[in-house]
Amino acid sequence: MKKNDQILSNENAKLLDEFNASIMFDKQLYAQDIRASIAHCQMLFKQNIINKDEQQLIEGGLLDIKQQIIDGKFVWNIQDEDIHMAIESALYKLIGDTAGKLHTARSRNDQVATDFAMYIRDKNYQIQNRLKNIITTFANIASKHTTTMMPGMTHLQHAQPINFAYHILAYVQMFKRDYERFASSTHRNNLCPLGCAALAGTSHNIDRDFTAKLLEFDAPTYSALDTSSNRDMVLEMLFNISLTSMHISRLSEELILWSSSEFGFVKISDEYATASSIMPQKKNPDVPELLRGKTGRIYGNLMAMLTTMKALPLAYNKDTQEDKEGVFDSIKTILISLDILNDMMKHIYINKENMEKACEVGHLSATDLADYLVQKCQMPFRQAYHITKDVVSYANKLNKDISAITIDELRASNKHLSNISEDALSCLSLRNSMNSRNSYGGTSEKQTIRQLQEIEKWLKSIK
Ligand code: ARG
């Protein structure tokens with residue numbers, strides 16, 4: 001940045017350089033920057049804007065610089081401001097004045113938008129891959145637990161018996177939607193900004209379709225004015241990550257609850273739990289807690305970027321340079337989180353006995369008795385509801401769960417039930433209760449297996 005030495009002390013000038021620069025973090029876009037520059041250079045040659053020698057010289061120089069960066073030999077200098085200037089000045093040093101021809105018909109505005117679009121696209125694929133791994137792991141767990149009963153909850157209170165596979169498959173549905181959301185963002189945003197120049201296009205005879213194709217975009221973007229300050233793909237990425245992280249946080253919360261002594265439904269393997277520094281008997285579920293906790297920072301990155309973009313006038317403003325650190329952080333965090341979650345779930349111990357025992361608390365089959373009275377005795381649902389409430393109170397007095405009462409006890413619980421036939425007991429059985437919910441998307445073993453098969457089919461279809 002230009003500065004007036006009479007006004008700025010050396011120290012302030014250095015601070016200003018640091019304040020203005022993005023090189024410290026945008027250097028990780030070097031591969032995209034060089035790839036886009038090579039495409040641009042080939043287009044300039046094809047359009048007779050530069051000659052063959054110039055194209056070869058520039059391209060060779062760019063590849064040389066890429067190798068220097070990979071080998072750790074490249075010298076990063078804060079005065080270069082950003083990755084685009086750093087590569088350009090290195091190219092000058094390598095090949096001399098011809099380097100200056102590369103920037104014909106482009107600006108850093110379309111350059112950064114192109115680099116970032118390619119980066120986001122790559123990361124979308126990586127995240128989708130991780131989600132696919134998680135879905136595979138969860139489908140595996142589900143396939144072993146289609147008969148394992150657990151209490152399904154609403155308001156965190158025992159509600160109705162469901163099977164554990166069904167519970168896990170609910171998370172699979174969330175992660176599948178996440179997968180599709182990342183895919184659709186890529187699909188929507190896969191348009192090439194290169195050639196938009198500063199804000200309004202260029203007077204040079206460029207071929208934007210050519211560069212778009214070389215860089216594997218579906219087409220060039222439509223409006224240079226929109227493109228040069230469009231950061232929707234960044235915001236979509238931050239939102240998609242936020243939603244995935246929210247799903248992870250819900251599962252983490254359940255794992256934390258389930259691993260407590262109160263539940264005892266699962267045991268998180270020792271590698272994912274740490275000891276307390278003071279209480280020797282304790283194992284803390286640190287990993288799910290951290291997975292849950294990181295959601296806060298991920299939401300923060302989304303809010304920060306939405307706020308940065310708010311009310312920005314067209315077209316490019318330096319504010320948009322703030323688009324990078326948050327998204328780099330969110331991407332890194334979600335990739336690690338998904339890997340760790342996947343591994344933790346592969347090694348989790350499911351305590352089937354405790355899950356099934358927990359179903360015997362809370363009269364989980366009460367609704368089934370009410371439904372039986374409606375279906376078999378033609379009672380209005382409200383009456384059946386009140387009678388069932390009496391049965392629940394009666395069972396409470398006997399200190400029994402409704403699923404364990406005898407036919408005599410059922411008959412004694414309410415005058416309307418004094419002649420009830422013995423098959424009423426079968427609807428109170430927990431397993432029958434679970435399997436009776438056989439409507440599409442319900443918890444019966446049959447529906448759960450159907451759901452699982454559909455997921456397995458979907459997994460094959462995305463390979
Ligand atoms: N480092 C800048 C960014 O990340 C690159 C674009 C700079 N353009 C400009 N006109 N100053 O946004």
# chains A, B, ... in the order shown; residues from 1 in each chain; ligands from 1
$ residues_around --residues "Leu341 of chain A" --least-positions-apart "6" --cutoff "9 Å" --atoms "only C-alpha atoms" --output "PyMOL selection string"
chain A and resi 134+248+252+287-288+291
$ residues_around --residues "Lys332 of chain A" --least-positions-apart "5" --cutoff "10 Å" --atoms "only C-alpha atoms" --output "PyMOL selection string"
chain A and resi 123+127+326-327+337
$ residues_near_ligand --ligand "ligand 1" --cutoff "9 Å" --atoms "only C-alpha atoms and all ligand atoms" --output "JSON, numbers by chain"
{"A": [20, 21, 22, 23, 26, 81, 82, 83, 84, 85, 107, 108, 109, 110, 111, 112, 113, 198, 229, 316, 317, 318, 319, 320, 321, 322, 323, 324]}
$ write_last_selection --atoms "N, CA and C atoms" --output "tab-separated table (two decimals), in the first residue's frame"
chain	number	residue	atom	x	y	z
A	20	ASN	N	-4.00	-4.25	5.70
A	20	ASN	CA	-4.49	-4.28	4.33
A	20	ASN	C	-4.33	-5.64	3.66
A	21	ALA	N	-3.35	-6.38	4.12
A	21	ALA	CA	-2.98	-7.61	3.39
A	21	ALA	C	-3.89	-8.78	3.70
A	22	SER	N	-3.98	-9.69	2.73
A	22	SER	CA	-4.70	-10.94	2.98
A	22	SER	C	-3.79	-12.14	2.70
A	23	ILE	N	-2.53	-11.83	2.36
A	23	ILE	CA	-1.61	-12.89	1.94
A	23	ILE	C	-1.44	-13.98	3.01
A	26	ASP	N	-4.82	-15.87	2.36
A	26	ASP	CA	-5.27	-16.29	1.02
A	26	ASP	C	-4.18	-17.02	0.24
A	81	GLU	N	0.74	-7.97	-0.52
A	81	GLU	CA	-0.68	-7.79	-0.20
A	81	GLU	C	-1.52	-9.07	-0.27
A	82	ASP	N	-1.57	-9.67	-1.45
A	82	ASP	CA	-2.39	-10.89	-1.53
A	82	ASP	C	-1.75	-11.90	-2.48
A	83	ILE	N	-2.38	-13.06	-2.57
A	83	ILE	CA	-1.81	-14.16	-3.36
A	83	ILE	C	-1.67	-13.76	-4.84
A	84	HIS	N	-2.59	-12.94	-5.32
A	84	HIS	CA	-2.54	-12.56	-6.74
A	84	HIS	C	-1.32	-11.70	-7.04
A	85	MET	N	-1.08	-10.71	-6.14
A	85	MET	CA	0.08	-9.83	-6.33
A	85	MET	C	1.38	-10.59	-6.08
A	107	SER	N	-8.94	-8.45	-13.78
A	107	SER	CA	-8.64	-7.62	-12.61
A	107	SER	C	-8.53	-8.56	-11.43
A	108	ARG	N	-8.00	-8.08	-10.33
A	108	ARG	CA	-7.96	-8.94	-9.15
A	108	ARG	C	-9.37	-9.29	-8.68
A	109	ASN	N	-10.33	-8.43	-9.07
A	109	ASN	CA	-11.71	-8.69	-8.62
A	109	ASN	C	-12.28	-9.98	-9.21
A	110	ASP	N	-12.10	-10.16	-10.53
A	110	ASP	CA	-12.60	-11.43	-11.09
A	110	ASP	C	-11.64	-12.57	-10.78
A	111	GLN	N	-10.36	-12.22	-10.54
A	111	GLN	CA	-9.39	-13.26	-10.21
A	111	GLN	C	-9.72	-13.90	-8.86
A	112	VAL	N	-9.98	-13.06	-7.86
A	112	VAL	CA	-10.26	-13.61	-6.53
A	112	VAL	C	-11.59	-14.36	-6.54
A	113	ALA	N	-12.56	-13.83	-7.28
A	113	ALA	CA	-13.86	-14.51	-7.34
A	113	ALA	C	-13.72	-15.89	-7.99
A	198	ALA	N	-12.83	-5.68	-13.81
A	198	ALA	CA	-13.05	-4.96	-12.55
A	198	ALA	C	-14.52	-4.93	-12.13
A	229	SER	N	-18.73	-8.68	-7.08
A	229	SER	CA	-18.88	-8.61	-5.61
A	229	SER	C	-19.84	-9.67	-5.09
A	316	TYR	N	-17.28	-4.27	-6.44
A	316	TYR	CA	-16.30	-4.74	-5.46
A	316	TYR	C	-15.99	-3.69	-4.41
A	317	ASN	N	-15.94	-4.10	-3.17
A	317	ASN	CA	-15.44	-3.27	-2.06
A	317	ASN	C	-14.47	-4.13	-1.28
A	318	LYS	N	-13.51	-3.50	-0.68
A	318	LYS	CA	-12.48	-4.27	0.02
A	318	LYS	C	-13.07	-5.07	1.19
A	319	ASP	N	-14.25	-4.66	1.65
A	319	ASP	CA	-14.91	-5.42	2.72
A	319	ASP	C	-14.92	-6.92	2.41
A	320	THR	N	-15.11	-7.23	1.12
A	320	THR	CA	-15.28	-8.65	0.76
A	320	THR	C	-14.02	-9.48	1.02
A	321	GLN	N	-12.89	-8.83	1.20
A	321	GLN	CA	-11.69	-9.58	1.56
A	321	GLN	C	-11.91	-10.32	2.89
A	322	GLU	N	-12.87	-9.84	3.67
A	322	GLU	CA	-13.21	-10.49	4.94
A	322	GLU	C	-13.93	-11.83	4.74
A	323	ASP	N	-14.11	-12.24	3.49
A	323	ASP	CA	-14.87	-13.47	3.24
A	323	ASP	C	-14.08	-14.73	3.54
A	324	LYS	N	-12.75	-14.60	3.72
A	324	LYS	CA	-11.95	-15.83	3.68
A	324	LYS	C	-11.73	-16.52	5.02
$ select_by_dssp --residues "segment 234-463 of chain A" --states "alpha helix (DSSP H)" --output "count of residues only"
144
$ residues_around --residues "segment 44-52 of chain A" --least-positions-apart "2" --cutoff "9 Å" --atoms "only C-alpha atoms" --output "list of chain:residue names"
A:Ala39, A:His40, A:Cys41, A:Gln42, A:Glu54, A:Gln55, A:Gln56, A:Leu57, A:Lys101, A:Leu102, A:Thr104, A:Ala105, A:His204, A:Asn205, A:Ile206, A:Asp207
$ write_last_selection --atoms "C-alpha atoms" --output "PDB file, in the first residue's frame"
ATOM      1  CA  ALA A  39      -6.356 -20.822 -18.321  1.00  0.00           C
ATOM      2  CA  HIS A  40      -6.461 -17.052 -18.780  1.00  0.00           C
ATOM      3  CA  CYS A  41      -3.061 -17.083 -20.478  1.00  0.00           C
ATOM      4  CA  GLN A  42      -4.136 -19.857 -22.883  1.00  0.00           C
ATOM      5  CA  GLU A  54       4.703 -15.157 -24.448  1.00  0.00           C
ATOM      6  CA  GLN A  55       2.137 -17.784 -23.530  1.00  0.00           C
ATOM      7  CA  GLN A  56       4.802 -20.436 -23.042  1.00  0.00           C
ATOM      8  CA  LEU A  57       7.021 -18.125 -21.041  1.00  0.00           C
ATOM      9  CA  LYS A 101       0.831  -9.233 -20.163  1.00  0.00           C
ATOM     10  CA  LEU A 102      -0.929 -11.821 -18.023  1.00  0.00           C
ATOM     11  CA  THR A 104      -4.586  -8.119 -19.743  1.00  0.00           C
ATOM     12  CA  ALA A 105      -8.389  -8.238 -19.654  1.00  0.00           C
ATOM     13  CA  HIS A 204     -10.471  -6.950 -25.301  1.00  0.00           C
ATOM     14  CA  ASN A 205     -11.784  -9.725 -27.522  1.00  0.00           C
ATOM     15  CA  ILE A 206     -11.760 -12.448 -24.864  1.00  0.00           C
ATOM     16  CA  ASP A 207     -13.466 -15.866 -24.872  1.00  0.00           C
TER      17      ASP A 207
END
$ atom_distance --atom1 "atom CA of Ala170 of chain A" --atom2 "atom CA of Pro151 of chain A"
14.6 Å
$ residues_around --residues "Thr137 of chain A" --least-positions-apart "2" --cutoff "12 Å" --atoms "only C-alpha atoms" --output "PyMOL selection string"
chain A and resi 130-135+139-144+168-169+171-172+175+338-339+341-348+455-456+459
$ write_last_selection --atoms "N, CA, C and O atoms" --output "short mmCIF file (atom, residue, chain, number, x, y, z; two decimals), in the first residue's frame"
data_model
loop_
_atom_site.label_atom_id
_atom_site.label_comp_id
_atom_site.auth_asym_id
_atom_site.auth_seq_id
_atom_site.Cartn_x
_atom_site.Cartn_y
_atom_site.Cartn_z
N ARG A 130 -17.29 -36.75 3.02
CA ARG A 130 -17.33 -37.07 4.47
C ARG A 130 -18.75 -37.44 4.89
O ARG A 130 -18.96 -38.35 5.68
N LEU A 131 -19.74 -36.71 4.34
CA LEU A 131 -21.13 -37.00 4.71
C LEU A 131 -21.51 -38.40 4.21
O LEU A 131 -22.20 -39.15 4.91
N LYS A 132 -21.03 -38.74 3.04
CA LYS A 132 -21.31 -40.08 2.50
C LYS A 132 -20.73 -41.15 3.44
O LYS A 132 -21.38 -42.15 3.73
N ASN A 133 -19.52 -40.91 3.94
CA ASN A 133 -18.90 -41.86 4.89
C ASN A 133 -19.75 -42.02 6.14
O ASN A 133 -19.95 -43.13 6.64
N ILE A 134 -20.23 -40.89 6.66
CA ILE A 134 -21.04 -40.93 7.88
C ILE A 134 -22.33 -41.71 7.62
O ILE A 134 -22.74 -42.56 8.43
N ILE A 135 -22.96 -41.44 6.50
CA ILE A 135 -24.23 -42.11 6.19
C ILE A 135 -23.98 -43.62 6.07
O ILE A 135 -24.77 -44.44 6.56
N ALA A 139 -25.74 -46.30 8.45
CA ALA A 139 -26.58 -47.34 7.85
C ALA A 139 -26.13 -48.71 8.35
O ALA A 139 -26.95 -49.59 8.63
N ASN A 140 -24.82 -48.86 8.52
CA ASN A 140 -24.26 -50.10 9.07
C ASN A 140 -24.75 -50.35 10.48
O ASN A 140 -25.13 -51.46 10.83
N ILE A 141 -24.70 -49.31 11.29
CA ILE A 141 -25.17 -49.44 12.69
C ILE A 141 -26.66 -49.80 12.67
O ILE A 141 -27.11 -50.71 13.36
N ALA A 142 -27.41 -49.07 11.84
CA ALA A 142 -28.87 -49.30 11.78
C ALA A 142 -29.17 -50.74 11.39
O ALA A 142 -30.07 -51.37 11.96
N SER A 143 -28.39 -51.27 10.44
CA SER A 143 -28.70 -52.63 9.96
C SER A 143 -28.58 -53.66 11.08
O SER A 143 -29.18 -54.72 11.01
N LYS A 144 -27.84 -53.34 12.13
CA LYS A 144 -27.69 -54.30 13.24
C LYS A 144 -28.73 -54.09 14.33
O LYS A 144 -28.77 -54.83 15.30
N ILE A 168 -31.45 -43.84 14.54
CA ILE A 168 -30.21 -43.52 13.81
C ILE A 168 -30.53 -43.08 12.38
O ILE A 168 -29.90 -42.17 11.84
N LEU A 169 -31.53 -43.71 11.80
CA LEU A 169 -31.88 -43.35 10.41
C LEU A 169 -32.46 -41.94 10.31
O LEU A 169 -32.40 -41.32 9.25
N TYR A 171 -31.13 -39.44 11.77
CA TYR A 171 -29.92 -38.63 11.52
C TYR A 171 -29.41 -38.83 10.10
O TYR A 171 -28.90 -37.91 9.48
N VAL A 172 -29.58 -40.05 9.60
CA VAL A 172 -29.17 -40.29 8.21
C VAL A 172 -29.95 -39.38 7.27
O VAL A 172 -29.40 -38.80 6.33
N PHE A 175 -28.36 -35.98 7.41
CA PHE A 175 -27.08 -35.90 6.70
C PHE A 175 -27.26 -36.07 5.19
O PHE A 175 -26.48 -35.53 4.41
N LEU A 338 -16.62 -34.04 11.03
CA LEU A 338 -17.26 -35.19 10.36
C LEU A 338 -16.37 -36.44 10.45
O LEU A 338 -16.87 -37.54 10.67
N ASP A 339 -15.07 -36.26 10.31
CA ASP A 339 -14.17 -37.40 10.43
C ASP A 339 -14.22 -38.01 11.83
O ASP A 339 -14.27 -39.22 12.00
N LEU A 341 -16.57 -37.64 14.15
CA LEU A 341 -17.89 -38.23 14.43
C LEU A 341 -17.99 -39.63 13.81
O LEU A 341 -18.44 -40.58 14.45
N ASN A 342 -17.52 -39.73 12.59
CA ASN A 342 -17.59 -41.01 11.89
C ASN A 342 -16.83 -42.09 12.65
O ASN A 342 -17.33 -43.19 12.91
N ASP A 343 -15.63 -41.74 13.05
CA ASP A 343 -14.79 -42.70 13.77
C ASP A 343 -15.37 -43.06 15.13
O ASP A 343 -15.36 -44.21 15.54
N MET A 344 -15.86 -42.04 15.83
CA MET A 344 -16.43 -42.27 17.16
C MET A 344 -17.64 -43.22 17.05
O MET A 344 -17.80 -44.13 17.86
N MET A 345 -18.46 -43.00 16.04
CA MET A 345 -19.66 -43.83 15.89
C MET A 345 -19.30 -45.28 15.50
O MET A 345 -20.01 -46.21 15.86
N LYS A 346 -18.19 -45.43 14.78
CA LYS A 346 -17.77 -46.79 14.42
C LYS A 346 -17.41 -47.60 15.66
O LYS A 346 -17.47 -48.82 15.65
N HIS A 347 -16.97 -46.89 16.70
CA HIS A 347 -16.48 -47.60 17.88
C HIS A 347 -17.40 -47.48 19.09
O HIS A 347 -17.01 -47.79 20.20
N ILE A 348 -18.61 -47.02 18.88
CA ILE A 348 -19.51 -46.81 20.01
C ILE A 348 -20.13 -48.14 20.44
O ILE A 348 -20.38 -49.02 19.61
N ILE A 455 -31.98 -46.07 1.71
CA ILE A 455 -30.72 -45.36 1.94
C ILE A 455 -29.57 -46.10 1.24
O ILE A 455 -28.71 -45.47 0.60
N GLU A 456 -29.58 -47.42 1.37
CA GLU A 456 -28.51 -48.19 0.73
C GLU A 456 -28.53 -48.03 -0.79
O GLU A 456 -27.49 -47.90 -1.43
N LEU A 459 -27.15 -44.62 -1.52
CA LEU A 459 -25.67 -44.61 -1.39
C LEU A 459 -25.02 -45.16 -2.66
O LEU A 459 -24.01 -44.61 -3.13
#
$ closest_residue --among "A:Lys213, A:Lys283, A:His363, A:His167" --to "Gln451 of chain A" --atoms "only C-alpha atoms"
A:His167
$ residues_around --residues "segment 301-315 of chain A" --least-positions-apart "4" --cutoff "10 Å" --atoms "only C-alpha atoms" --output "JSON, numbers by chain"
{"A": [109, 198, 199, 200, 224, 225, 226, 227, 228, 229, 230, 231, 232, 234, 235, 236, 237, 238, 239, 240, 241, 242, 295, 296, 297, 319, 320, 321, 322, 323, 324, 325, 326, 327, 328, 329, 330]}
$ write_last_selection --atoms "N, CA, C and O atoms" --output "compact mmCIF listing (two decimals), in the first residue's frame"
# COMPACT_ATOMS: atom_id res chain seq x y z
N ASN A 109 -10.33 -8.43 -9.07
CA ASN A 109 -11.71 -8.69 -8.62
C ASN A 109 -12.28 -9.98 -9.21
O ASN A 109 -12.88 -10.78 -8.51
N ALA A 198 -12.83 -5.68 -13.81
CA ALA A 198 -13.05 -4.96 -12.55
C ALA A 198 -14.52 -4.93 -12.13
O ALA A 198 -14.86 -5.20 -10.99
N LEU A 199 -15.41 -4.63 -13.08
CA LEU A 199 -16.83 -4.58 -12.76
C LEU A 199 -17.73 -4.61 -13.99
O LEU A 199 -18.93 -4.85 -13.87
N ALA A 200 -17.17 -4.35 -15.16
CA ALA A 200 -18.06 -4.11 -16.30
C ALA A 200 -17.63 -4.85 -17.57
O ALA A 200 -18.08 -4.51 -18.66
N ALA A 224 -21.06 -9.11 -15.26
CA ALA A 224 -19.78 -8.75 -14.63
C ALA A 224 -20.01 -7.93 -13.37
O ALA A 224 -19.32 -8.10 -12.36
N LEU A 225 -21.00 -7.08 -13.41
CA LEU A 225 -21.28 -6.20 -12.27
C LEU A 225 -21.68 -7.01 -11.03
O LEU A 225 -21.17 -6.80 -9.93
N ASP A 226 -22.57 -7.97 -11.25
CA ASP A 226 -22.99 -8.84 -10.15
C ASP A 226 -21.82 -9.69 -9.66
O ASP A 226 -21.55 -9.80 -8.46
N THR A 227 -21.09 -10.26 -10.61
CA THR A 227 -20.06 -11.25 -10.29
C THR A 227 -18.95 -10.68 -9.41
O THR A 227 -18.47 -11.34 -8.49
N SER A 228 -18.54 -9.44 -9.71
CA SER A 228 -17.32 -8.96 -9.05
C SER A 228 -17.50 -8.78 -7.55
O SER A 228 -16.51 -8.77 -6.81
N SER A 229 -18.73 -8.68 -7.08
CA SER A 229 -18.88 -8.61 -5.61
C SER A 229 -19.84 -9.67 -5.09
O SER A 229 -20.27 -9.60 -3.94
N ASN A 230 -20.14 -10.66 -5.91
CA ASN A 230 -21.04 -11.72 -5.44
C ASN A 230 -20.29 -12.68 -4.53
O ASN A 230 -19.26 -13.24 -4.92
N ARG A 231 -20.79 -12.86 -3.33
CA ARG A 231 -20.20 -13.85 -2.43
C ARG A 231 -21.26 -14.85 -1.94
O ARG A 231 -21.14 -15.44 -0.88
N ASP A 232 -22.31 -15.03 -2.75
CA ASP A 232 -23.37 -15.97 -2.35
C ASP A 232 -22.83 -17.38 -2.14
O ASP A 232 -23.27 -18.10 -1.24
N VAL A 234 -20.05 -18.26 -1.00
CA VAL A 234 -19.38 -18.32 0.30
C VAL A 234 -20.45 -18.42 1.40
O VAL A 234 -20.34 -19.24 2.33
N LEU A 235 -21.48 -17.60 1.26
CA LEU A 235 -22.55 -17.63 2.27
C LEU A 235 -23.29 -18.96 2.27
O LEU A 235 -23.63 -19.48 3.34
N GLU A 236 -23.51 -19.50 1.08
CA GLU A 236 -24.18 -20.81 1.03
C GLU A 236 -23.31 -21.85 1.73
O GLU A 236 -23.80 -22.69 2.48
N MET A 237 -22.02 -21.81 1.48
CA MET A 237 -21.11 -22.74 2.13
C MET A 237 -21.21 -22.60 3.65
O MET A 237 -21.33 -23.59 4.38
N LEU A 238 -21.18 -21.35 4.12
CA LEU A 238 -21.23 -21.12 5.58
C LEU A 238 -22.57 -21.58 6.15
O LEU A 238 -22.62 -22.13 7.26
N PHE A 239 -23.63 -21.36 5.41
CA PHE A 239 -24.95 -21.80 5.89
C PHE A 239 -25.05 -23.33 5.87
O PHE A 239 -25.51 -23.95 6.84
N ASN A 240 -24.60 -23.93 4.76
CA ASN A 240 -24.66 -25.40 4.67
C ASN A 240 -23.87 -26.05 5.80
O ASN A 240 -24.30 -27.04 6.39
N ILE A 241 -22.70 -25.47 6.09
CA ILE A 241 -21.88 -26.01 7.18
C ILE A 241 -22.61 -25.81 8.51
O ILE A 241 -22.62 -26.69 9.37
N SER A 242 -23.25 -24.66 8.67
CA SER A 242 -23.97 -24.39 9.93
C SER A 242 -25.07 -25.43 10.15
O SER A 242 -25.26 -25.93 11.27
N THR A 295 -20.30 -25.74 17.08
CA THR A 295 -21.42 -25.17 16.32
C THR A 295 -21.52 -23.65 16.54
O THR A 295 -21.87 -22.91 15.62
N GLY A 296 -21.21 -23.20 17.74
CA GLY A 296 -21.29 -21.77 18.05
C GLY A 296 -20.38 -20.95 17.14
O GLY A 296 -20.79 -19.95 16.56
N ARG A 297 -19.15 -21.40 17.00
CA ARG A 297 -18.18 -20.66 16.18
C ARG A 297 -18.59 -20.71 14.70
O ARG A 297 -18.47 -19.73 13.96
N ASP A 319 -14.25 -4.66 1.65
CA ASP A 319 -14.91 -5.42 2.72
C ASP A 319 -14.92 -6.92 2.41
O ASP A 319 -14.81 -7.75 3.31
N THR A 320 -15.11 -7.23 1.12
CA THR A 320 -15.28 -8.65 0.76
C THR A 320 -14.02 -9.48 1.02
O THR A 320 -14.10 -10.71 1.05
N GLN A 321 -12.89 -8.83 1.20
CA GLN A 321 -11.69 -9.58 1.56
C GLN A 321 -11.91 -10.32 2.89
O GLN A 321 -11.21 -11.29 3.19
N GLU A 322 -12.87 -9.84 3.67
CA GLU A 322 -13.21 -10.49 4.94
C GLU A 322 -13.93 -11.83 4.74
O GLU A 322 -14.36 -12.45 5.70
N ASP A 323 -14.11 -12.24 3.49
CA ASP A 323 -14.87 -13.47 3.24
C ASP A 323 -14.08 -14.73 3.54
O ASP A 323 -14.65 -15.82 3.57
N LYS A 324 -12.75 -14.60 3.72
CA LYS A 324 -11.95 -15.83 3.68
C LYS A 324 -11.73 -16.52 5.02
O LYS A 324 -11.97 -17.72 5.15
N GLU A 325 -11.27 -15.77 6.03
CA GLU A 325 -10.86 -16.45 7.27
C GLU A 325 -11.98 -17.27 7.90
O GLU A 325 -11.76 -18.39 8.36
N GLY A 326 -13.18 -16.70 7.91
CA GLY A 326 -14.32 -17.40 8.52
C GLY A 326 -14.64 -18.69 7.79
O GLY A 326 -14.86 -19.73 8.41
N VAL A 327 -14.64 -18.62 6.47
CA VAL A 327 -15.01 -19.82 5.71
C VAL A 327 -13.89 -20.87 5.77
O VAL A 327 -14.15 -22.07 5.86
N PHE A 328 -12.65 -20.41 5.77
CA PHE A 328 -11.54 -21.37 5.94
C PHE A 328 -11.70 -22.11 7.26
O PHE A 328 -11.55 -23.32 7.36
N ASP A 329 -12.04 -21.32 8.29
CA ASP A 329 -12.18 -21.89 9.64
C ASP A 329 -13.35 -22.87 9.70
O ASP A 329 -13.24 -23.98 10.23
N SER A 330 -14.50 -22.46 9.12
CA SER A 330 -15.68 -23.34 9.17
C SER A 330 -15.44 -24.63 8.40
O SER A 330 -15.83 -25.71 8.84
$ residues_around --residues "Cys359 of chain A" --least-positions-apart "4" --cutoff "12 Å" --atoms "only C-alpha atoms" --output "JSON, numbers by chain"
{"A": [148, 149, 150, 151, 152, 153, 157, 158, 159, 160, 161, 162, 163, 164, 263, 265, 352, 353, 354, 355, 363, 364, 365, 401, 402, 403, 404, 429, 430, 431, 433, 434]}
$ residues_around --residues "Ala219 of chain A" --least-positions-apart "5" --cutoff "8 Å" --atoms "only C-alpha atoms" --output "list in words"
Asn190, Leu191, Cys192, Asp209, Ala212 and Lys213 of chain A
$ write_last_selection --atoms "C-alpha atoms" --output "mmCIF file, in the first residue's frame"
data_model
loop_
_atom_site.group_PDB
_atom_site.id
_atom_site.type_symbol
_atom_site.label_atom_id
_atom_site.label_comp_id
_atom_site.auth_asym_id
_atom_site.auth_seq_id
_atom_site.Cartn_x
_atom_site.Cartn_y
_atom_site.Cartn_z
ATOM 1 C CA ASN A 190 -20.615 -23.473 -10.887
ATOM 2 C CA LEU A 191 -20.245 -20.430 -13.148
ATOM 3 C CA CYS A 192 -16.940 -18.842 -14.048
ATOM 4 C CA ASP A 209 -16.621 -19.788 -22.566
ATOM 5 C CA ALA A 212 -14.972 -21.486 -18.125
ATOM 6 C CA LYS A 213 -14.556 -24.845 -19.825
#
